[in-house]
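Q: Quick one: structure below, then a few questions.
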Amino acid sequence: MQHPRKHRRRSILLPALGATAALLAAGLTTLTGADRAEAATARQVEALDRGVVSVHTGSGNLVSWRWLGTDPDNVSFNLYRAGTKVNATPVTGSTNYFHSGAPAHADYTVRAVVGGVEQADSVHAIQFRTGYKDVPLSPPAGGTTPDGVAYTYEANDASVGDLNGDGALDLVLKWQPTNAKDNSQSGYTGNTIVDGITLDGTRLWRIDLGRNIRSGAHYTQFQVYDYDGDRRAEVAMKTADGTVDGGGTVIGSASADHRNSSGYVLTGPEYLTMFNGQTGRAMQSVAYVPARGTVSSWGDSYGNRVDRFLAGTAYLDGSRPSLIMARGYYTRSVIAAWDWRGGSFARRWTFDTASSTNTGKGYDGQGSHSLSVGDVDHDGRDEIVYGSMAVDDNGSGLWTARTGHGDAQHLGDLDPGAPGLEYFKVSESTSQPAAVYLDPANGAVRWKLAACCDNGRGVAADVWAGNDGAEVWSASDTSIRDEAGAAKGREPSSVNFLSWWDGDTVRELLDGTRIDKYGTSAETRLLTGASVHSNNGTKATPALSGDLLGDWREEVIWPTSDNRALRIYSTPHETTTRITTLLHDTMYRTGLAWQNTAYNQPPHPSFYLGNGMPTAPRPAVYAP
């Protein structure tokens, strides 16, 4: 039997919010009566421009742009080339237009039409003249560690945010030394470097995290988001003695060296720092929560477990974003939620599996190498799904499934026939189910695969139109499965990332430096990145992938082979589907923010986006 679809929030424009919007934008979170009810229906999002892109093909240009969450439902668009209208009638059924025969250098703008009245020109289109756009980079100078090992730098994970308040997304890039380490590996590493860069390659700032932050996938998780609603994104990271901010100011002691002879950093102060996104300057540093305490209390004495960090962003009050910083998942796990308001941190709550409230309830050892954020219990506020457990918006434990640690997890509206979100994860433990499909509202296991092995990869997405809803598959399985766990056919050839790339709503497979379309007998290659590399070893992830520009389809960013540029690819395929920019679906947007966390995972929207989907919902959002 088909279940009724859960209620989807409708669009609310900023002018309609009136005084409540002003209160929220000003940072006042204590609302009463009707104001509280109104605020609960709208979430703060970025004030974005149209993000117009022009992708050249052999026969013309595909021009696409954003349908913003703050636009009216019935907005239409006109496309102009150098001031001359291209389309005969307003574009209503999509937010793209193929301009046949146009040269690669054609200059485009878009004008919204609201109530029959044409609005002003948008920003000019970013030109992808060869199918991609390069953002120039300046790699940091390499060096030599105290034990004589030379290293250079590679462009690693990236994130996005409007750093300077101009309505365009900018990039934040982590540079990782070639001697970066997993926590289980001893040895010195070079410093981790983080750059803020505009899409034209202008470097706004460079932060050097210093010798007392070890380099590797599990040490530096950075969050880029506009937390205080000032229309400029902030950047949050764990720092230490010797971190140098974007203005050249040193945090803590510049001379301190807390590394031991094995290259681990197990002593010395640890900070959480919020950096100004425009200047890179540190605005405030507070003690990192939780402190490491006694290293051995986390499960070993050499630092493998104590320095496993996760990070995210969540709308814990239902309207404004909060920062999530965490430590540990193999044994003890601690999650701290922070608000950034008025230029300072305020800790909202701390969840600790070792606290008297949570001890003995099965929360220990349930974390994954990533986290997910979404409203799993339908109360309008976000929860943190932390592997095989979840933490409620108020910081209390919501549930634990006790299925242990895993490397990959996917939270999304995977089953269009059931209300709410679904959750799929794999397990590293040979004594736990290899994969489980859960109800994230209460942790109930809907189905599971028998224990077998370290099942290191798993994916959930609608990649095949022949099945209703999303499919799931994992590294240890041989089949692609439906929402009930039934085998439906051949497993895809990759178990990694995802991309909405072509013109339909079925998602594609992103693995290494290629994008493929799933088929029941074989994949079809849609894109092979030119002279680029993937990141993070066998994880083979891009620097970043998501709906960054243009319409709702997803861009992919890989570093070039020489690490001298970030190469952005945007789809050349026309679509007849119209969906609000996924950047204004806050579950998807926070997924982009935590994508860089540990073992990178792709973002999922709060609604079902796949074959046979109903008309896409409109988000209830406001831009300060």
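Chain labels run A, B, ... following the order of the structure tokens; each chain numbers its residues from 1, and ligands are numbered from 1 in the order shown.
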Could you find all residues in region 227-463 of chain A that DSSP calls helix (DSSP H, G or I) from the backbone, and write them as a VMD selection string?
A: chain A and resid 295 to 298
Q: Which polymer residues have any atom within 8 Å of an atom of Asp585 (chain A), counting only C-alpha atoms, with same-chain residues fewer than 5 positions away left out, as a VMD selection string?
A: chain A and resid 605 to 606 619
Q: Nearest to Phe497 (chain A): which of A:Gly546, A:Pro602, A:Gly196, A:Gly519 is it, counting only C-alpha atoms?
A: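 Answer, going by the shortest atom-to-atom distance: A:Pro602.
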Q: Would you write out, as CSV, a table of all residues in region 232-344 of chain A that have an atom no more than 9 Å from an atom of region 197-220 of chain A, listing for each the closest atom pair and the distance in Å to one decimal, considering only C-alpha atoms and ordering rows by chain and rising residue number?
A:
residue,atom,partner,partner_atom,distance
A:Met237,CA,A:Thr220,CA,6.9
A:Lys238,CA,A:Thr220,CA,6.7
A:Thr239,CA,A:Leu209,CA,6.2
A:Ala240,CA,A:Asn212,CA,5.9
A:Asp241,CA,A:Asn212,CA,6.4
A:Gly242,CA,A:Gly210,CA,5.2
A:Thr243,CA,A:Leu209,CA,4.3
A:Val244,CA,A:Asp208,CA,5.1
A:Asp245,CA,A:Ile207,CA,4.8
A:Gly246,CA,A:Trp205,CA,5.0
A:Gly247,CA,A:Trp205,CA,7.6
A:Gly248,CA,A:Ile207,CA,8.3
A:Ala254,CA,A:Gly210,CA,8.9
A:Ala256,CA,A:Asn212,CA,8.1
A:Asp257,CA,A:Asn212,CA,6.5
A:His258,CA,A:Asn212,CA,6.1
A:Arg259,CA,A:Asn212,CA,6.6
A:Gly263,CA,A:Arg214,CA,7.9
A:Tyr264,CA,A:Arg214,CA,7.0
A:Val265,CA,A:Asn212,CA,6.2
A:Gly268,CA,A:Asn212,CA,8.4
A:Gly277,CA,A:Leu204,CA,8.7
A:Gln278,CA,A:Leu204,CA,6.7
A:Thr279,CA,A:Trp205,CA,6.1
A:Gly280,CA,A:Trp205,CA,5.5
A:Arg281,CA,A:Trp205,CA,8.5
A:Asp307,CA,A:Tyr219,CA,6.6
A:Arg308,CA,A:His218,CA,5.4
A:Phe309,CA,A:His218,CA,5.7
A:Leu310,CA,A:His218,CA,7.5
Q: Excluding region 500-513 of chain A and its own-chain neighbours fewer than 3 positions away, which residues fall within 8 Å of it when counting only C-alpha atoms? Please give them as a CSV table (one decimal) with N, CA, C and O atoms, in the first residue's frame.
A:
chain,number,residue,atom,x,y,z
A,461,ALA,N,20.9,5.7,-3.8
A,461,ALA,CA,20.4,6.7,-4.8
A,461,ALA,C,19.5,6.0,-5.8
A,461,ALA,O,19.7,4.9,-6.1
A,462,ASP,N,18.7,6.8,-6.4
A,462,ASP,CA,17.9,6.3,-7.6
A,462,ASP,C,18.8,6.4,-8.8
A,462,ASP,O,18.8,7.5,-9.5
A,463,VAL,N,19.5,5.4,-9.2
A,463,VAL,CA,20.3,5.3,-10.3
A,463,VAL,C,19.7,4.5,-11.5
A,463,VAL,O,20.3,4.4,-12.6
A,464,TRP,N,18.5,4.0,-11.3
A,464,TRP,CA,17.9,3.1,-12.3
A,464,TRP,C,16.4,3.3,-12.3
A,464,TRP,O,15.7,3.2,-11.3
A,465,ALA,N,15.9,3.7,-13.5
A,465,ALA,CA,14.5,4.0,-13.6
A,465,ALA,C,13.6,2.8,-13.5
A,465,ALA,O,12.4,2.9,-13.4
A,494,SER,N,30.7,0.9,-9.6
A,494,SER,CA,31.4,1.7,-8.6
A,494,SER,C,30.5,1.9,-7.4
A,494,SER,O,29.3,1.8,-7.4
A,495,VAL,N,31.2,2.0,-6.2
A,495,VAL,CA,30.5,2.2,-5.0
A,495,VAL,C,31.1,3.4,-4.3
A,495,VAL,O,31.8,3.3,-3.3
A,496,ASN,N,30.8,4.6,-4.8
A,496,ASN,CA,31.5,5.8,-4.3
A,496,ASN,C,30.6,7.0,-4.3
A,496,ASN,O,29.9,7.1,-3.3
A,497,PHE,N,30.7,7.8,-5.3
A,497,PHE,CA,30.0,9.1,-5.2
A,497,PHE,C,28.8,9.1,-6.3
A,497,PHE,O,28.6,8.2,-7.0
A,516,ASP,N,29.4,8.0,-14.9
A,516,ASP,CA,28.8,6.9,-15.7
A,516,ASP,C,27.3,6.9,-15.4
A,516,ASP,O,26.9,7.2,-14.3
A,517,LYS,N,26.6,6.4,-16.4
A,517,LYS,CA,25.2,6.1,-16.2
A,517,LYS,C,25.0,4.6,-16.1
A,517,LYS,O,25.4,3.9,-16.9
A,518,TYR,N,24.3,4.3,-15.0
A,518,TYR,CA,24.0,2.9,-14.7
A,518,TYR,C,23.1,2.2,-15.8
A,518,TYR,O,22.2,2.8,-16.3
A,528,THR,N,34.6,12.0,-18.7
A,528,THR,CA,35.9,11.7,-18.2
A,528,THR,C,36.7,13.0,-18.0
A,528,THR,O,36.9,13.7,-18.9
A,529,GLY,N,37.1,13.3,-16.8
A,529,GLY,CA,37.8,14.5,-16.5
A,529,GLY,C,39.2,14.5,-17.2
A,529,GLY,O,39.9,13.5,-17.2
A,532,VAL,N,43.1,15.6,-14.6
A,532,VAL,CA,42.7,15.9,-13.3
A,532,VAL,C,43.0,14.6,-12.4
A,532,VAL,O,43.3,13.5,-12.9
A,533,HIS,N,42.9,14.8,-11.1
A,533,HIS,CA,43.1,13.7,-10.2
A,533,HIS,C,42.0,13.7,-9.1
A,533,HIS,O,41.5,14.7,-8.8
A,534,SER,N,41.7,12.5,-8.6
A,534,SER,CA,40.8,12.4,-7.5
A,534,SER,C,41.6,12.4,-6.2
A,534,SER,O,42.9,12.5,-6.2
A,540,ALA,N,39.0,7.9,-3.7
A,540,ALA,CA,38.9,8.4,-5.1
A,540,ALA,C,37.7,9.5,-5.2
A,540,ALA,O,36.9,9.4,-6.1
A,541,THR,N,37.7,10.4,-4.3
A,541,THR,CA,36.7,11.4,-4.2
A,541,THR,C,37.1,12.7,-4.9
A,541,THR,O,38.3,13.0,-5.0
A,542,PRO,N,36.2,13.5,-5.4
A,542,PRO,CA,36.5,14.8,-6.0
A,542,PRO,C,36.8,15.8,-4.9
A,542,PRO,O,36.6,15.5,-3.7
A,553,ARG,N,21.1,20.6,-11.5
A,553,ARG,CA,22.1,19.5,-11.7
A,553,ARG,C,23.4,19.8,-11.0
A,553,ARG,O,23.7,21.0,-10.6
A,554,GLU,N,24.3,18.8,-10.8
A,554,GLU,CA,25.4,19.0,-10.0
A,554,GLU,C,26.7,19.1,-10.7
A,554,GLU,O,27.0,18.4,-11.7
A,555,GLU,N,27.5,20.1,-10.3
A,555,GLU,CA,28.9,20.3,-10.8
A,555,GLU,C,29.8,19.3,-10.1
A,555,GLU,O,29.5,18.8,-9.0
A,558,TRP,N,37.5,18.7,-9.7
A,558,TRP,CA,38.7,18.0,-9.5
A,558,TRP,C,39.9,18.9,-9.6
A,558,TRP,O,39.9,19.8,-10.4
A,571,THR,N,27.2,20.4,-16.4
A,571,THR,CA,26.6,19.5,-17.4
A,571,THR,C,26.3,20.3,-18.7
A,571,THR,O,25.9,21.4,-18.7
A,572,PRO,N,26.5,19.6,-19.8
A,572,PRO,CA,26.1,20.2,-21.1
A,572,PRO,C,24.8,19.7,-21.6
A,572,PRO,O,24.4,20.0,-22.7
A,573,HIS,N,24.1,18.9,-20.8
A,573,HIS,CA,22.8,18.3,-21.2
A,573,HIS,C,21.6,19.1,-20.8
A,573,HIS,O,21.5,19.6,-19.7
A,574,GLU,N,20.7,19.3,-21.7
A,574,GLU,CA,19.5,20.1,-21.5
A,574,GLU,C,18.5,19.2,-20.7
A,574,GLU,O,18.5,18.0,-20.7
A,575,THR,N,17.7,19.9,-19.9
A,575,THR,CA,16.7,19.2,-19.1
A,575,THR,C,15.3,19.9,-19.2
A,575,THR,O,15.3,21.2,-19.4
A,576,THR,N,14.3,19.2,-19.1
A,576,THR,CA,12.9,19.8,-19.1
A,576,THR,C,12.3,19.8,-17.7
A,576,THR,O,11.2,20.1,-17.5
A,577,THR,N,13.2,19.5,-16.7
A,577,THR,CA,12.7,19.5,-15.3
A,577,THR,C,13.1,20.8,-14.6
A,577,THR,O,14.3,21.2,-14.7
A,609,LEU,N,14.2,12.9,-5.0
A,609,LEU,CA,14.5,13.4,-6.4
A,609,LEU,C,15.0,12.2,-7.2
A,609,LEU,O,16.1,11.7,-7.0
A,610,GLY,N,14.1,11.7,-8.0
A,610,GLY,CA,14.4,10.5,-8.8
A,610,GLY,C,13.3,10.3,-9.9
A,610,GLY,O,12.4,11.1,-10.1
A,611,ASN,N,13.4,9.1,-10.5
A,611,ASN,CA,12.4,8.8,-11.5
A,611,ASN,C,11.0,8.7,-11.0
A,611,ASN,O,10.8,8.2,-9.9
Q: Go through A:Gly365, A:Gly293, A:Pro559, A:Pro617 and flag the residue nearest Pro136 (chain A), using only C-alpha atoms for the distances.
A: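 Using only C-alpha atoms, the shortest distance to Pro136 (chain A) belongs to A:Pro559.
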Q: Can you tell me how far CA of Gly367 (chain A) sits from CA of Asp477 (chain A), in Å to one decimal?
A: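 Going from CA of Gly367 (chain A) over to CA of Asp477 (chain A), I get 22.2 Å.
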Q: Please identify the strand (DSSP E or B) residues within region 49-105 of chain A (assignment by DSSP from backbone atoms) and present them as an NGL selection string.
A: :A and (53-57 or 60-64 or 76-81 or 84-85 or 91 or 96-100)
Q: Can you tell me, as a short mmCIF file (atom, residue, chain, number, x, y, z; two decimals) with N, CA, C and O atoms, in the first residue's frame, what residues are no more than 8 Å from region 99-112 of chain A when counting only C-alpha atoms, ignoring any on the same chain fewer than 5 positions away?
A:
data_model
loop_
_atom_site.label_atom_id
_atom_site.label_comp_id
_atom_site.auth_asym_id
_atom_site.auth_seq_id
_atom_site.Cartn_x
_atom_site.Cartn_y
_atom_site.Cartn_z
N ARG A 50 22.04 34.58 -9.51
CA ARG A 50 21.46 33.57 -10.40
C ARG A 50 22.43 32.43 -10.73
O ARG A 50 22.00 31.39 -11.21
N VAL A 52 24.51 32.04 -13.17
CA VAL A 52 24.34 31.69 -14.58
C VAL A 52 25.63 31.08 -15.14
O VAL A 52 26.73 31.61 -14.92
N SER A 54 27.30 29.16 -18.83
CA SER A 54 27.18 28.83 -20.25
C SER A 54 28.20 27.77 -20.58
O SER A 54 29.42 28.02 -20.50
N VAL A 55 27.72 26.56 -20.92
CA VAL A 55 28.61 25.44 -21.21
C VAL A 55 28.60 25.21 -22.72
O VAL A 55 27.55 24.90 -23.31
N HIS A 56 29.74 25.38 -23.35
CA HIS A 56 29.83 25.25 -24.80
C HIS A 56 29.95 23.80 -25.21
O HIS A 56 30.68 23.01 -24.61
N SER A 59 27.74 22.29 -30.81
CA SER A 59 26.63 22.87 -31.57
C SER A 59 26.01 24.10 -30.93
O SER A 59 24.99 24.59 -31.39
N GLY A 60 26.58 24.58 -29.84
CA GLY A 60 26.03 25.76 -29.21
C GLY A 60 26.37 25.83 -27.73
O GLY A 60 27.32 25.19 -27.27
N ASN A 61 25.55 26.59 -26.98
CA ASN A 61 25.77 26.77 -25.55
C ASN A 61 24.54 26.35 -24.76
O ASN A 61 23.42 26.75 -25.10
N LEU A 62 24.76 25.56 -23.70
CA LEU A 62 23.69 25.32 -22.74
C LEU A 62 23.84 26.36 -21.64
O LEU A 62 24.84 26.37 -20.92
N VAL A 63 22.84 27.22 -21.53
CA VAL A 63 22.85 28.25 -20.49
C VAL A 63 21.86 27.82 -19.41
O VAL A 63 20.72 27.46 -19.70
N TRP A 65 20.61 28.45 -15.01
CA TRP A 65 20.62 29.43 -13.92
C TRP A 65 19.80 28.89 -12.75
O TRP A 65 19.08 27.89 -12.85
N VAL A 75 7.49 32.31 -11.19
CA VAL A 75 8.44 33.14 -11.90
C VAL A 75 8.81 32.47 -13.23
O VAL A 75 8.87 31.25 -13.34
N SER A 76 9.02 33.27 -14.27
CA SER A 76 9.54 32.78 -15.54
C SER A 76 10.78 33.59 -15.88
O SER A 76 11.14 34.54 -15.16
N PHE A 77 11.43 33.24 -16.99
CA PHE A 77 12.73 33.86 -17.27
C PHE A 77 12.89 34.14 -18.76
O PHE A 77 12.39 33.41 -19.62
N ASN A 78 13.63 35.20 -19.03
CA ASN A 78 14.09 35.52 -20.38
C ASN A 78 15.61 35.49 -20.41
O ASN A 78 16.27 35.94 -19.46
N LEU A 79 16.15 34.97 -21.51
CA LEU A 79 17.58 34.87 -21.68
C LEU A 79 18.05 35.91 -22.71
O LEU A 79 17.45 36.03 -23.78
N TYR A 80 19.11 36.64 -22.34
CA TYR A 80 19.64 37.67 -23.22
C TYR A 80 21.09 37.38 -23.57
O TYR A 80 21.88 36.97 -22.70
N ARG A 81 21.41 37.59 -24.84
CA ARG A 81 22.81 37.55 -25.27
C ARG A 81 23.21 38.97 -25.66
O ARG A 81 22.65 39.55 -26.60
N ALA A 82 24.14 39.54 -24.90
CA ALA A 82 24.63 40.91 -25.16
C ALA A 82 23.47 41.88 -25.33
O ALA A 82 23.48 42.76 -26.20
N GLY A 83 22.43 41.72 -24.50
CA GLY A 83 21.32 42.66 -24.49
C GLY A 83 20.19 42.33 -25.44
O GLY A 83 19.17 43.03 -25.44
N VAL A 86 17.03 36.07 -26.48
CA VAL A 86 17.27 34.87 -27.26
C VAL A 86 16.00 34.05 -27.43
O VAL A 86 15.70 33.54 -28.52
N GLU A 118 9.20 42.22 -16.31
CA GLU A 118 10.58 41.75 -16.42
C GLU A 118 11.47 42.49 -15.43
O GLU A 118 11.41 43.73 -15.32
N GLN A 119 12.29 41.75 -14.72
CA GLN A 119 13.18 42.32 -13.71
C GLN A 119 14.53 42.67 -14.33
O GLN A 119 14.75 42.51 -15.53
N ALA A 120 15.44 43.13 -13.50
CA ALA A 120 16.76 43.56 -13.97
C ALA A 120 17.62 42.38 -14.40
O ALA A 120 17.34 41.23 -14.08
N ASP A 121 18.69 42.69 -15.11
CA ASP A 121 19.64 41.67 -15.55
C ASP A 121 20.28 40.95 -14.37
O ASP A 121 20.55 41.55 -13.31
N SER A 122 20.53 39.68 -14.57
CA SER A 122 21.31 38.91 -13.61
C SER A 122 22.80 39.20 -13.79
O SER A 122 23.20 40.01 -14.64
N VAL A 123 23.61 38.54 -13.00
CA VAL A 123 25.05 38.53 -13.25
C VAL A 123 25.29 37.91 -14.63
O VAL A 123 24.46 37.16 -15.15
N HIS A 124 26.43 38.19 -15.20
CA HIS A 124 26.78 37.61 -16.49
C HIS A 124 27.19 36.15 -16.31
O HIS A 124 27.73 35.76 -15.26
N ALA A 125 26.92 35.37 -17.33
CA ALA A 125 27.19 33.92 -17.24
C ALA A 125 28.68 33.65 -17.13
O ALA A 125 29.51 34.31 -17.78
N GLN A 127 31.56 31.41 -18.23
CA GLN A 127 31.73 30.68 -19.49
C GLN A 127 32.58 29.43 -19.29
O GLN A 127 33.71 29.51 -18.82
N PHE A 128 32.00 28.30 -19.66
CA PHE A 128 32.72 27.03 -19.69
C PHE A 128 33.03 26.76 -21.17
O PHE A 128 32.36 25.97 -21.83
N ARG A 129 34.03 27.41 -21.69
CA ARG A 129 34.25 27.42 -23.14
C ARG A 129 34.73 26.08 -23.67
O ARG A 129 34.52 25.77 -24.85
N THR A 130 35.38 25.28 -22.85
CA THR A 130 35.87 23.97 -23.29
C THR A 130 35.18 22.84 -22.52
O THR A 130 35.71 21.74 -22.42
#
Q: A:Gly380, A:Gly58, A:Gly412, A:Gly417: which is nearest Pro440 (chain A), counting only C-alpha atoms?
A: A:Gly412
